[in-house]
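Engineer: So that we are looking at the same thing, I have put the structure below in structure tokens.
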Amino acid sequence: MNQAKTSGEPLLSVRKLQVDIAGKRVLRSVDFDVDAGELVVLMGANGSGKSTLALALAGHPRYEVSGTAHLGGQDLLELPVEARARAGLFLSFQAPPDIPGVKNNLFIRTALNAQRASRGEPEIDAYDFLGQAKAGAKRLGLPDAMLARPVNEGFSGGERKRNELLQLALFKPRVALLDEIDSGLDVDGVRALVDLITEMRAQGTAFVVVSHYLHMIEMLEPDRVLRLQDGCISESGDLELARSITAQGFAAAPARQAAPVGA
Amino acid sequence: MSNDALQQTLERPYQHGFVTDIESDSIPPGLDENTIREISRRKKEPEFLLRWRLAAYERWRQMEPPEWARLTINLVDLQSLSYYSAPKSMADKPKSLDEVDPKLLETYEKLGVPLHERAALAGVAVDAVFDSVSVGTTFRKQLADVGVIFCSISDAVREHPELVERYMGTVVPPGDNYYAALNSAVFSDGSFVYVPKGVRCPMELSSYFRINARNTGQFERTLIIAEAGAEVSYLEGCTAPQRDENQLHAAVVELVAHDDAFIKYSTVQNWYPGDEEGRGGIYNFVTKRALALGKRSRVAWTQIETGSAITWKYPSVVLRGEGSSGEFHSIAVSNHRQQADTGTKMIHLGANTTSRIVSKGISAGHAHNSYRGLVRVAPTAAGARNHTQCDSLLIGSHCGAHTFPTVDAARADAVVEHEATTTRISEERLFYARQRGLDEAEATALIVGGFCQAVLDELPMEFALEARALLAVSLEGAVG
């Protein structure tokens with residue numbers, strides 16, 4: 001997808017994002033930007049709200065959210081879940097659910113066509129889709145047979161993650177939020193993941209990657225590393241921040257003064 | 001589909017049928033012995049059938065409507081119904097078609113292929129029953145060439161009285177239950193299928209039932225006989241126009257399978273379900289039973305029940321032949337104020353008989369959906385086996401799912417397994433599907449389709465797509 005950039009405005013721009021879940025404030029005020037082709041790594045201790053941030057942007061029905069999150073000038077927070085997806089937002093779930101009885105290829109094709117229809121693009125037929133899906137599955141090390149099986153039913157943790165990556169590759173979103181995509185993936189899986197992300201970044205997709213895994217973070221060559229703490233972005237830096245957090249742990253590395261947003 | 005096209009497809013059978021000699025429309029409302037004599041007279045029935053009807057009527061008069069089902073029924077005043085209604089002459093036809101509600105036509109459009117266009121699909125023979133009479137049966141000659149009889153039950157009474165007399169009432173006796181007795185007394189029309197020994201019916205057989213006239217009950221009677229080694233697949237579809245009052249459809253279907261015969265009977269029931277507030281809709285009170293009489297005979301019921309205000313039906317199999325088997329695959333959808341009390345009975349009489357039950361109940365809105373099943377293993381049924389899978393899906397928080405399985409095994413060696421689940425459309429799955437770009441209705445349809453997949457797989461291929469579309473339409477407005 002071509003990223004028609006509006007003058008100076010980043011592709012995804014999150015401001016004062018506040019999230020309450022069942023009356024409990026999880027995120028106080030989160031600000032960050034990601035531009036087309038950029039990759040931002042989000043780190044934080046368990047329970048710091050990394051998944052909450054991703055789910056809130058995607059439109060989780062149980063969250064109370066305020067603030068803004070502009071994608072290409074449009075405030076995602078005002079849109080229903082599916083409209084955010086159709087606007088080009090993709091979330092790779094930390095624990096993708098299964099959908100019994102619904103064949104994986106039917107599910108992905110139906111979703112892809114819903115997205116295409118919203119952009120005024122013609123439907124992709126079953127034959128062409130299967131060709132693309134098989135090629136995608138192959139590069140991600142997902143057996144063809146997984147396409148004909150019900151969505152994620154009986155899939156291992158790693159297979160579910162590869163299936164998320166397959167959808168990422170086929171949907172070609174403008175912004176992808178990857179929530180612990182590496183957990184459950186083996187070495188080959190991580191390599192395929194890094195290849196796919198590198199290729200998609202070159203084509204303009206922006207990434208927000210939640211991860212604790214330094215080796216993969218290094219391979220991804222992030223533009224920025226953000227630390228989420230006490231409900232906001234407490235620190236912004238480069239790979240060195242990821243390295244110091246990994247070396248010292250979250251508890252032993254108190255946040256410095258928050259860096260200017262989007263620096 | 002345009003009004004014209006619908007009109008044409010509805011009218012088509014009349015051009016080939018026997019409409020010309022029908023001039024009257026319906027006999028006056030009311031039910032007594034004279035009503036039955038009048039029905040029989042108009043249908044030019046043989047004496048044996050009139051006597052049979054009158055005996056059934058006597059039984060019925062001593063019976064009470066069943067009250068054991070988990071249903072709230074506003075009983076239809078049976079004296080206010082007309083028990084015989086035939087289409088008037090061609091000139092009057094468009095008038096009745098104008099009464100077809102635009103909302104119903106819209107539904108047809110969404111479905112893509114309305115049932116009555118089936119006649120045009122190669123390889124499917126259709127019998128269409130409009131109110132009380134069969135208006136035409138397609139491919140009769142082609143079927144006759146291989147010895148298969150496929151016609152209306154009225155024609156069968158006239159042309160094959162010996163078969164009708166021999167089999168009718170042997171599977172569902174006239175006094176079986178209140179509605180079966182009523183049907184036996186006043187049945188109007190329905191389909192008749194006879195597949196001779198060793199013949200595999202070369203095409204799908206299909207019946208299309210439509211209640212059109214106001215204040216008319218439809219009392220369909222269908223009889224299917226498969227001789228030794230014969231095979232047949234039969235599908236019925238049902239629709240009715242939208243009316244404010246409840247209309248009664250009290251059908252009886254009997255199947256007889258001889259040695260090694262196989263009968264597959266599929267139903268796509270889409271009677272008018274009533275409006276969102278529960279006004280109007282068809283009362284679908286149906287007795288369907290198969291007799292797996294011969295050794296190794298097989299019977300498979302598949303039903304997709306999406307319509308009707310109330311569905312009360314339990315397609316059953318009496319497994320008499322040694323090694324015979326019965327199957328029941330069901331999807332019952334109830335939305336808004338619909339009520340469904342449906343399931344099956346598997347009666348194991350013969351040795352080594354097997355049965356399998358797969359029931360998928362879906363409730364939405366304020367609807368209630370009950371599965372009611374009986375698996376009986378008689379002392380004679382050595383080595384009998386049954387497996388029951390009974391799943392309920394709830395959409396929203398005002399609906400209900402109920403399961404009433406009964407197992408009655410008289411043998412210690414019987415293997416009877418029952419699995420049941422009740423689930424909601426999980427918020428997590430719905431959110432996941434919507435995150436991929438599907439709106440709530442699309443996501444729900446997909447998830448429901450997956451829930452029903454095991455049953456949809458049993459439908460003849462031509463109808464599986466339509467059934468899927470029908471599920472989506474019936475659940476419209478169920479979420480959100």
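The chains in the structure tokens are called A, B, ... from first to last as shown; in each chain the residues are counted from 1, and the ligands are counted from 1 in the order shown.
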I want to know what sits within 6 Å of region 342-349 of chain B, based on only C-alpha atoms, with residues of the same chain fewer than 2 positions away left out; could you give that as a VMD selection string?

Structural biologist: chain B and resid 312 to 320 340 371 to 378 380 to 381

Engineer: For chain B, which residues have at least one atom within 12 Å of chain A, if we go by only C-alpha atoms? Write them as a PyMOL selection string, please.

Structural biologist: chain B and resi 423+425-457+480

Engineer: Since we have the selection now, will you write its residues out, keeping N, CA and C atoms, as an mmCIF file, in the first residue's frame?

Structural biologist:
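part.cif, freshly written:
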data_model
loop_
_atom_site.group_PDB
_atom_site.id
_atom_site.type_symbol
_atom_site.label_atom_id
_atom_site.label_comp_id
_atom_site.auth_asym_id
_atom_site.auth_seq_id
_atom_site.Cartn_x
_atom_site.Cartn_y
_atom_site.Cartn_z
ATOM 1 N N THR B 423 -22.635 -22.757 24.800
ATOM 2 C CA THR B 423 -21.649 -21.676 24.713
ATOM 3 C C THR B 423 -22.326 -20.390 24.289
ATOM 4 N N ILE B 425 -21.532 -16.828 21.947
ATOM 5 C CA ILE B 425 -20.582 -16.296 20.975
ATOM 6 C C ILE B 425 -19.629 -15.471 21.810
ATOM 7 N N SER B 426 -18.415 -15.937 21.961
ATOM 8 C CA SER B 426 -17.550 -15.266 22.916
ATOM 9 C C SER B 426 -17.147 -13.900 22.395
ATOM 10 N N GLU B 427 -17.092 -12.957 23.322
ATOM 11 C CA GLU B 427 -16.699 -11.604 23.003
ATOM 12 C C GLU B 427 -15.301 -11.611 22.377
ATOM 13 N N GLU B 428 -14.476 -12.516 22.885
ATOM 14 C CA GLU B 428 -13.099 -12.582 22.422
ATOM 15 C C GLU B 428 -13.037 -12.968 20.939
ATOM 16 N N ARG B 429 -13.828 -13.969 20.558
ATOM 17 C CA ARG B 429 -13.827 -14.388 19.146
ATOM 18 C C ARG B 429 -14.419 -13.308 18.258
ATOM 19 N N LEU B 430 -15.481 -12.688 18.756
ATOM 20 C CA LEU B 430 -16.123 -11.634 17.986
ATOM 21 C C LEU B 430 -15.153 -10.460 17.782
ATOM 22 N N PHE B 431 -14.447 -10.093 18.833
ATOM 23 C CA PHE B 431 -13.483 -8.992 18.764
ATOM 24 C C PHE B 431 -12.362 -9.341 17.787
ATOM 25 N N TYR B 432 -11.908 -10.569 17.870
ATOM 26 C CA TYR B 432 -10.830 -11.013 16.979
ATOM 27 C C TYR B 432 -11.267 -10.887 15.516
ATOM 28 N N ALA B 433 -12.463 -11.386 15.221
ATOM 29 C CA ALA B 433 -12.944 -11.339 13.834
ATOM 30 C C ALA B 433 -13.158 -9.897 13.382
ATOM 31 N N ARG B 434 -13.657 -9.074 14.278
ATOM 32 C CA ARG B 434 -13.872 -7.671 13.908
ATOM 33 C C ARG B 434 -12.540 -6.954 13.722
ATOM 34 N N GLN B 435 -11.540 -7.322 14.510
ATOM 35 C CA GLN B 435 -10.223 -6.706 14.342
ATOM 36 C C GLN B 435 -9.664 -7.018 12.964
ATOM 37 N N ARG B 436 -10.166 -8.091 12.358
ATOM 38 C CA ARG B 436 -9.697 -8.428 11.009
ATOM 39 C C ARG B 436 -10.511 -7.721 9.929
ATOM 40 N N GLY B 437 -11.496 -6.914 10.351
ATOM 41 C CA GLY B 437 -12.219 -6.110 9.373
ATOM 42 C C GLY B 437 -13.650 -6.539 9.111
ATOM 43 N N LEU B 438 -14.136 -7.563 9.835
ATOM 44 C CA LEU B 438 -15.514 -8.008 9.619
ATOM 45 C C LEU B 438 -16.437 -7.243 10.558
ATOM 46 N N ASP B 439 -17.591 -6.809 10.051
ATOM 47 C CA ASP B 439 -18.501 -6.137 10.968
ATOM 48 C C ASP B 439 -19.188 -7.184 11.845
ATOM 49 N N GLU B 440 -19.963 -6.692 12.803
ATOM 50 C CA GLU B 440 -20.494 -7.593 13.808
ATOM 51 C C GLU B 440 -21.384 -8.681 13.191
ATOM 52 N N ALA B 441 -22.203 -8.284 12.210
ATOM 53 C CA ALA B 441 -23.102 -9.260 11.586
ATOM 54 C C ALA B 441 -22.306 -10.299 10.795
ATOM 55 N N GLU B 442 -21.307 -9.819 10.040
ATOM 56 C CA GLU B 442 -20.478 -10.751 9.256
ATOM 57 C C GLU B 442 -19.724 -11.712 10.174
ATOM 58 N N ALA B 443 -19.197 -11.144 11.255
ATOM 59 C CA ALA B 443 -18.433 -11.967 12.194
ATOM 60 C C ALA B 443 -19.338 -13.012 12.843
ATOM 61 N N THR B 444 -20.547 -12.583 13.227
ATOM 62 C CA THR B 444 -21.487 -13.514 13.852
ATOM 63 C C THR B 444 -21.862 -14.626 12.886
ATOM 64 N N ALA B 445 -22.167 -14.245 11.642
ATOM 65 C CA ALA B 445 -22.552 -15.248 10.644
ATOM 66 C C ALA B 445 -21.437 -16.273 10.461
ATOM 67 N N LEU B 446 -20.217 -15.781 10.439
ATOM 68 C CA LEU B 446 -19.078 -16.677 10.241
ATOM 69 C C LEU B 446 -18.926 -17.629 11.434
ATOM 70 N N ILE B 447 -19.042 -17.086 12.627
ATOM 71 C CA ILE B 447 -18.870 -17.907 13.828
ATOM 72 C C ILE B 447 -20.015 -18.929 13.939
ATOM 73 N N VAL B 448 -21.239 -18.480 13.626
ATOM 74 C CA VAL B 448 -22.389 -19.394 13.668
ATOM 75 C C VAL B 448 -22.236 -20.482 12.605
ATOM 76 N N GLY B 449 -21.780 -20.067 11.424
ATOM 77 C CA GLY B 449 -21.542 -21.045 10.349
ATOM 78 C C GLY B 449 -20.555 -22.112 10.798
ATOM 79 N N GLY B 450 -19.536 -21.693 11.501
ATOM 80 C CA GLY B 450 -18.542 -22.646 12.005
ATOM 81 C C GLY B 450 -19.146 -23.591 13.025
ATOM 82 N N PHE B 451 -19.984 -23.037 13.891
ATOM 83 C CA PHE B 451 -20.667 -23.832 14.911
ATOM 84 C C PHE B 451 -21.537 -24.916 14.258
ATOM 85 N N CYS B 452 -22.102 -24.573 13.104
ATOM 86 C CA CYS B 452 -23.039 -25.478 12.421
ATOM 87 C C CYS B 452 -22.367 -26.348 11.368
ATOM 88 N N GLN B 453 -21.072 -26.166 11.155
ATOM 89 C CA GLN B 453 -20.413 -26.794 10.013
ATOM 90 C C GLN B 453 -20.670 -28.289 9.903
ATOM 91 N N ALA B 454 -20.639 -28.986 11.041
ATOM 92 C CA ALA B 454 -20.785 -30.442 11.019
ATOM 93 C C ALA B 454 -22.131 -30.854 10.431
ATOM 94 N N VAL B 455 -23.159 -30.029 10.613
ATOM 95 C CA VAL B 455 -24.477 -30.354 10.059
ATOM 96 C C VAL B 455 -24.582 -29.885 8.614
ATOM 97 N N LEU B 456 -24.059 -28.692 8.342
ATOM 98 C CA LEU B 456 -24.098 -28.175 6.967
ATOM 99 C C LEU B 456 -23.423 -29.134 6.000
ATOM 100 N N ASP B 457 -22.380 -29.812 6.481
ATOM 101 C CA ASP B 457 -21.666 -30.783 5.651
ATOM 102 C C ASP B 457 -22.574 -31.924 5.199
ATOM 103 N N GLY B 480 -25.669 -6.552 18.360
ATOM 104 C CA GLY B 480 -25.516 -5.117 18.154
ATOM 105 C C GLY B 480 -26.504 -4.320 18.989
#

Engineer: Neighbours of region 254-262 of chain B within 9 Å (only C-alpha atoms; same-chain residues fewer than 5 positions away dropped), as a ChimeraX atom specification?

Structural biologist: /B:167-172,197-198,221-233,287-300,317,321,324

Engineer: Among region 16-258 of chain A, which ones does DSSP assign to helix (DSSP H, G or I) (computed from the backbone)? Answer as a VMD selection string.

Structural biologist: chain A and resid 50 to 58 76 to 78 81 to 86 104 to 118 126 to 139 145 to 148 157 to 171 187 to 202 214 to 220 239 to 252

Engineer: Between A:Arg149, A:Gly136, A:Leu166, A:Gln94, which has the minimum distance to Ser183 (chain A) (counting only C-alpha atoms)?

Structural biologist: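 Nearest to Ser183 (chain A): A:Gln94.
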
Engineer: If we count only C-alpha atoms and set the cut-off at 12 Å, which residues sit around Pro222 (chain A), ignoring sequence neighbours fewer than 2 positions away in its own chain? Please answer as a PDB file with N, CA and C atoms, in the first residue's frame.

Structural biologist:
ATOM      1  N   VAL A  34       4.413   7.095  15.452  1.00  0.00           N
ATOM      2  CA  VAL A  34       5.143   6.183  14.569  1.00  0.00           C
ATOM      3  C   VAL A  34       4.875   6.631  13.145  1.00  0.00           C
ATOM      4  N   GLY A  37       6.821   3.175   7.800  1.00  0.00           N
ATOM      5  CA  GLY A  37       8.103   2.498   7.662  1.00  0.00           C
ATOM      6  C   GLY A  37       8.921   2.458   8.940  1.00  0.00           C
ATOM      7  N   GLU A  38       8.451   3.127   9.985  1.00  0.00           N
ATOM      8  CA  GLU A  38       9.184   3.107  11.252  1.00  0.00           C
ATOM      9  C   GLU A  38       8.813   1.891  12.081  1.00  0.00           C
ATOM     10  N   LEU A  39       9.703   1.551  13.008  1.00  0.00           N
ATOM     11  CA  LEU A  39       9.412   0.469  13.942  1.00  0.00           C
ATOM     12  C   LEU A  39       9.756   0.928  15.342  1.00  0.00           C
ATOM     13  N   VAL A  40       8.757   0.837  16.204  1.00  0.00           N
ATOM     14  CA  VAL A  40       8.929   1.246  17.590  1.00  0.00           C
ATOM     15  C   VAL A  40       8.783   0.007  18.458  1.00  0.00           C
ATOM     16  N   VAL A  41       9.711  -0.170  19.394  1.00  0.00           N
ATOM     17  CA  VAL A  41       9.608  -1.288  20.334  1.00  0.00           C
ATOM     18  C   VAL A  41       9.063  -0.758  21.646  1.00  0.00           C
ATOM     19  N   LEU A  42       8.081  -1.467  22.190  1.00  0.00           N
ATOM     20  CA  LEU A  42       7.476  -1.072  23.448  1.00  0.00           C
ATOM     21  C   LEU A  42       7.875  -2.078  24.513  1.00  0.00           C
ATOM     22  N   VAL A 194      11.383 -11.644  11.272  1.00  0.00           N
ATOM     23  CA  VAL A 194      12.239 -10.482  11.021  1.00  0.00           C
ATOM     24  C   VAL A 194      12.285 -10.156   9.526  1.00  0.00           C
ATOM     25  N   ILE A 197       8.937  -8.487   8.531  1.00  0.00           N
ATOM     26  CA  ILE A 197       8.808  -7.119   9.037  1.00  0.00           C
ATOM     27  C   ILE A 197       9.722  -6.168   8.267  1.00  0.00           C
ATOM     28  N   THR A 198      10.947  -6.608   8.009  1.00  0.00           N
ATOM     29  CA  THR A 198      11.900  -5.775   7.268  1.00  0.00           C
ATOM     30  C   THR A 198      11.343  -5.429   5.887  1.00  0.00           C
ATOM     31  N   ARG A 201       8.318  -3.042   6.233  1.00  0.00           N
ATOM     32  CA  ARG A 201       8.748  -1.680   6.589  1.00  0.00           C
ATOM     33  C   ARG A 201       9.224  -0.933   5.357  1.00  0.00           C
ATOM     34  N   ALA A 206       4.083   0.722   9.252  1.00  0.00           N
ATOM     35  CA  ALA A 206       4.652   1.126  10.540  1.00  0.00           C
ATOM     36  C   ALA A 206       4.392   0.023  11.557  1.00  0.00           C
ATOM     37  N   PHE A 207       5.364  -0.202  12.452  1.00  0.00           N
ATOM     38  CA  PHE A 207       5.233  -1.286  13.428  1.00  0.00           C
ATOM     39  C   PHE A 207       5.374  -0.789  14.857  1.00  0.00           C
ATOM     40  N   VAL A 208       4.514  -1.336  15.724  1.00  0.00           N
ATOM     41  CA  VAL A 208       4.711  -1.180  17.164  1.00  0.00           C
ATOM     42  C   VAL A 208       4.869  -2.599  17.697  1.00  0.00           C
ATOM     43  N   VAL A 209       6.056  -2.898  18.214  1.00  0.00           N
ATOM     44  CA  VAL A 209       6.362  -4.268  18.611  1.00  0.00           C
ATOM     45  C   VAL A 209       6.526  -4.344  20.126  1.00  0.00           C
ATOM     46  N   VAL A 210       5.674  -5.158  20.758  1.00  0.00           N
ATOM     47  CA  VAL A 210       5.808  -5.400  22.189  1.00  0.00           C
ATOM     48  C   VAL A 210       6.661  -6.648  22.357  1.00  0.00           C
ATOM     49  N   SER A 211       7.790  -6.523  23.050  1.00  0.00           N
ATOM     50  CA  SER A 211       8.651  -7.694  23.198  1.00  0.00           C
ATOM     51  C   SER A 211       9.590  -7.552  24.386  1.00  0.00           C
ATOM     52  N   LEU A 214      15.549  -9.406  23.620  1.00  0.00           N
ATOM     53  CA  LEU A 214      16.559  -8.471  23.105  1.00  0.00           C
ATOM     54  C   LEU A 214      17.130  -8.902  21.756  1.00  0.00           C
ATOM     55  N   MET A 216      15.834 -10.522  19.326  1.00  0.00           N
ATOM     56  CA  MET A 216      14.954 -10.178  18.207  1.00  0.00           C
ATOM     57  C   MET A 216      14.869  -8.659  18.029  1.00  0.00           C
ATOM     58  N   ILE A 217      14.806  -7.955  19.136  1.00  0.00           N
ATOM     59  CA  ILE A 217      14.727  -6.490  19.059  1.00  0.00           C
ATOM     60  C   ILE A 217      15.932  -5.940  18.288  1.00  0.00           C
ATOM     61  N   GLU A 218      17.092  -6.512  18.559  1.00  0.00           N
ATOM     62  CA  GLU A 218      18.295  -6.065  17.834  1.00  0.00           C
ATOM     63  C   GLU A 218      18.176  -6.346  16.339  1.00  0.00           C
ATOM     64  N   MET A 219      17.671  -7.531  16.029  1.00  0.00           N
ATOM     65  CA  MET A 219      17.533  -7.885  14.603  1.00  0.00           C
ATOM     66  C   MET A 219      16.555  -6.957  13.885  1.00  0.00           C
ATOM     67  N   LEU A 220      15.558  -6.428  14.619  1.00  0.00           N
ATOM     68  CA  LEU A 220      14.522  -5.593  13.991  1.00  0.00           C
ATOM     69  C   LEU A 220      15.003  -4.180  13.696  1.00  0.00           C
ATOM     70  N   ARG A 224      12.967   3.454  17.482  1.00  0.00           N
ATOM     71  CA  ARG A 224      12.913   3.922  18.863  1.00  0.00           C
ATOM     72  C   ARG A 224      12.533   2.759  19.766  1.00  0.00           C
ATOM     73  N   VAL A 225      12.963   2.894  21.030  1.00  0.00           N
ATOM     74  CA  VAL A 225      12.519   1.964  22.063  1.00  0.00           C
ATOM     75  C   VAL A 225      11.808   2.794  23.121  1.00  0.00           C
ATOM     76  N   LEU A 226      10.566   2.410  23.443  1.00  0.00           N
ATOM     77  CA  LEU A 226       9.784   3.143  24.435  1.00  0.00           C
ATOM     78  C   LEU A 226       9.604   2.272  25.662  1.00  0.00           C
ATOM     79  N   SER A 236      12.162   7.170  26.400  1.00  0.00           N
ATOM     80  CA  SER A 236      12.253   6.884  24.978  1.00  0.00           C
ATOM     81  C   SER A 236      13.725   6.913  24.591  1.00  0.00           C
ATOM     82  N   GLY A 237      14.141   5.892  23.896  1.00  0.00           N
ATOM     83  CA  GLY A 237      15.548   5.870  23.537  1.00  0.00           C
ATOM     84  C   GLY A 237      15.780   5.007  22.318  1.00  0.00           C
ATOM     85  N   ASP A 238      17.025   4.555  22.175  1.00  0.00           N
ATOM     86  CA  ASP A 238      17.331   3.687  21.045  1.00  0.00           C
ATOM     87  C   ASP A 238      17.622   2.286  21.575  1.00  0.00           C
ATOM     88  N   LEU A 239      18.315   1.478  20.798  1.00  0.00           N
ATOM     89  CA  LEU A 239      18.601   0.100  21.192  1.00  0.00           C
ATOM     90  C   LEU A 239      19.275   0.016  22.557  1.00  0.00           C
ATOM     91  N   GLU A 240      20.054   1.062  22.879  1.00  0.00           N
ATOM     92  CA  GLU A 240      20.753   1.059  24.169  1.00  0.00           C
ATOM     93  C   GLU A 240      19.786   0.935  25.339  1.00  0.00           C
ATOM     94  N   LEU A 241      18.618   1.542  25.203  1.00  0.00           N
ATOM     95  CA  LEU A 241      17.614   1.457  26.270  1.00  0.00           C
ATOM     96  C   LEU A 241      17.147   0.004  26.427  1.00  0.00           C
ATOM     97  N   ALA A 242      16.900  -0.645  25.301  1.00  0.00           N
ATOM     98  CA  ALA A 242      16.486  -2.053  25.356  1.00  0.00           C
ATOM     99  C   ALA A 242      17.580  -2.890  26.006  1.00  0.00           C
TER     100      ALA A 242
END

Engineer: Could you please write out, as JSON, numbers by chain, every residue of region 279-316 of chain B that DSSP assigns to strand (DSSP E)?

Structural biologist: {"B": [281, 282, 283, 284, 285, 286, 287, 288, 289, 290, 291, 292, 298, 299, 300, 301, 302, 303, 304, 305, 310, 311, 312, 313, 316]}

Engineer: Using CA of Pro28 (chain B) and CA of Glu220 (chain B) as the two end points, give the distance in Å to one decimal.

Structural biologist: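 Result for CA of Pro28 (chain B) versus CA of Glu220 (chain B): 19.2 Å, one decimal.
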
Engineer: Quick one: everything within 10 Å of region 9-14 of chain A, counting only C-alpha atoms, minus sequence neighbours fewer than 3 positions away in the same chain. Send it as an mmCIF file with C-alpha atoms, in the first residue's frame.

Structural biologist:
data_model
loop_
_atom_site.group_PDB
_atom_site.id
_atom_site.type_symbol
_atom_site.label_atom_id
_atom_site.label_comp_id
_atom_site.auth_asym_id
_atom_site.auth_seq_id
_atom_site.Cartn_x
_atom_site.Cartn_y
_atom_site.Cartn_z
ATOM 1 C CA GLN A 3 1.435 5.772 2.120
ATOM 2 C CA ALA A 4 0.165 9.137 1.049
ATOM 3 C CA LYS A 5 1.640 11.254 3.801
ATOM 4 C CA THR A 6 -0.025 14.402 4.898
ATOM 5 C CA LEU A 17 -4.415 7.943 25.789
ATOM 6 C CA SER A 29 -1.605 9.360 29.557
ATOM 7 C CA VAL A 30 0.262 7.734 26.723
ATOM 8 C CA ASP A 31 1.813 9.774 23.911
ATOM 9 C CA PHE A 32 3.850 8.444 21.019
ATOM 10 C CA ASP A 33 4.206 8.681 17.241
ATOM 11 C CA VAL A 34 5.143 6.183 14.569
ATOM 12 C CA ASP A 35 5.739 7.154 11.008
ATOM 13 C CA ALA A 36 5.349 5.093 7.866
ATOM 14 C CA GLY A 37 8.103 2.498 7.662
ATOM 15 C CA GLU A 38 9.184 3.107 11.252
ATOM 16 C CA LEU A 57 -6.000 1.074 19.956
ATOM 17 C CA GLY A 67 -7.497 10.743 24.265
ATOM 18 C CA THR A 68 -6.795 10.548 20.556
ATOM 19 C CA ALA A 69 -5.102 8.140 18.186
ATOM 20 C CA HIS A 70 -4.869 9.529 14.686
ATOM 21 C CA LEU A 71 -4.097 7.199 11.831
ATOM 22 C CA GLY A 72 -3.481 9.168 8.661
ATOM 23 C CA GLY A 73 -5.439 12.095 10.089
ATOM 24 C CA GLN A 74 -8.472 9.992 11.234
ATOM 25 C CA ASP A 75 -9.102 9.443 14.954
ATOM 26 C CA LEU A 76 -9.248 5.682 15.415
ATOM 27 C CA LEU A 89 -4.708 -1.099 11.751
ATOM 28 C CA ARG A 174 -0.567 0.568 7.380
ATOM 29 C CA VAL A 175 0.129 0.084 11.078
ATOM 30 C CA GLY A 204 5.862 1.655 4.348
ATOM 31 C CA THR A 205 4.098 -0.335 7.077
ATOM 32 C CA ALA A 206 4.652 1.126 10.540
ATOM 33 C CA PHE A 207 5.233 -1.286 13.428
ATOM 34 C CA VAL A 261 7.611 12.609 22.150
ATOM 35 C CA GLY A 262 8.571 11.363 18.716
#

Engineer: Quick one: distance from CA of Asn183 (chain B) to CA of Leu248 (chain B) in Å, one decimal?

Structural biologist: 11.0 Å

Engineer: When you draw a straight line from CA of Ala384 (chain B) to CA of Thr406 (chain B), how long is it in Å?

Structural biologist: 15.8 Å

Engineer: Do you know which residues are at most 9 Å from Asp182 (chain A) counting only C-alpha atoms, after dropping those on the same chain fewer than 2 positions away, and could you put them as an MDAnalysis selection string?

Structural biologist: chainID A and resid 158 161 178:180 184:186 189:190 193 211:213 216

Engineer: Could the residues in this selection be written to a file with N, CA and C atoms, as a compact mmCIF listing (two decimals), in the first residue's frame?

Structural biologist:
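Printed below is again_7.txt as written:
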# COMPACT_ATOMS: atom_id res chain seq x y z
N GLY A 158 3.06 -21.58 18.87
CA GLY A 158 3.88 -21.08 17.77
C GLY A 158 3.10 -21.03 16.46
N LYS A 161 0.92 -18.04 16.33
CA LYS A 161 1.68 -16.82 16.04
C LYS A 161 2.02 -16.75 14.56
N LEU A 178 2.23 -5.60 17.15
CA LEU A 178 2.57 -7.01 17.37
C LEU A 178 2.80 -7.22 18.86
N ASP A 179 1.87 -7.95 19.50
CA ASP A 179 1.93 -8.15 20.94
C ASP A 179 2.60 -9.48 21.26
N GLU A 180 3.85 -9.42 21.68
CA GLU A 180 4.63 -10.61 22.00
C GLU A 180 4.53 -11.66 20.90
N GLY A 184 6.65 -18.23 21.85
CA GLY A 184 6.18 -19.47 21.22
C GLY A 184 6.82 -19.74 19.88
N LEU A 185 7.46 -18.72 19.28
CA LEU A 185 8.09 -18.94 17.97
C LEU A 185 9.47 -19.56 18.15
N ASP A 186 9.81 -20.51 17.30
CA ASP A 186 11.16 -21.08 17.35
C ASP A 186 12.13 -20.20 16.55
N GLY A 189 11.14 -19.45 13.13
CA GLY A 189 9.98 -18.57 13.15
C GLY A 189 10.40 -17.13 13.34
N VAL A 190 11.32 -16.89 14.27
CA VAL A 190 11.79 -15.53 14.52
C VAL A 190 12.49 -14.98 13.28
N LEU A 193 9.93 -14.05 10.79
CA LEU A 193 9.26 -12.85 11.28
C LEU A 193 10.07 -11.59 10.97
N SER A 211 7.79 -6.52 23.05
CA SER A 211 8.65 -7.69 23.20
C SER A 211 9.59 -7.55 24.39
N HIS A 212 10.00 -8.69 24.92
CA HIS A 212 11.02 -8.72 25.98
C HIS A 212 12.31 -9.33 25.45
N TYR A 213 12.35 -9.65 24.17
CA TYR A 213 13.37 -10.53 23.66
C TYR A 213 14.44 -9.71 22.91
N MET A 216 15.83 -10.52 19.33
CA MET A 216 14.95 -10.18 18.21
C MET A 216 14.87 -8.66 18.03

Engineer: Can you list, as a VMD selection string, every protein, DNA or RNA residue that comes within 7 Å of Ile282 (chain B) when you count only C-alpha atoms, leaving out same-chain residues fewer than 5 positions away?

Structural biologist: chain B and resid 246 to 249 271 to 273 308 to 310
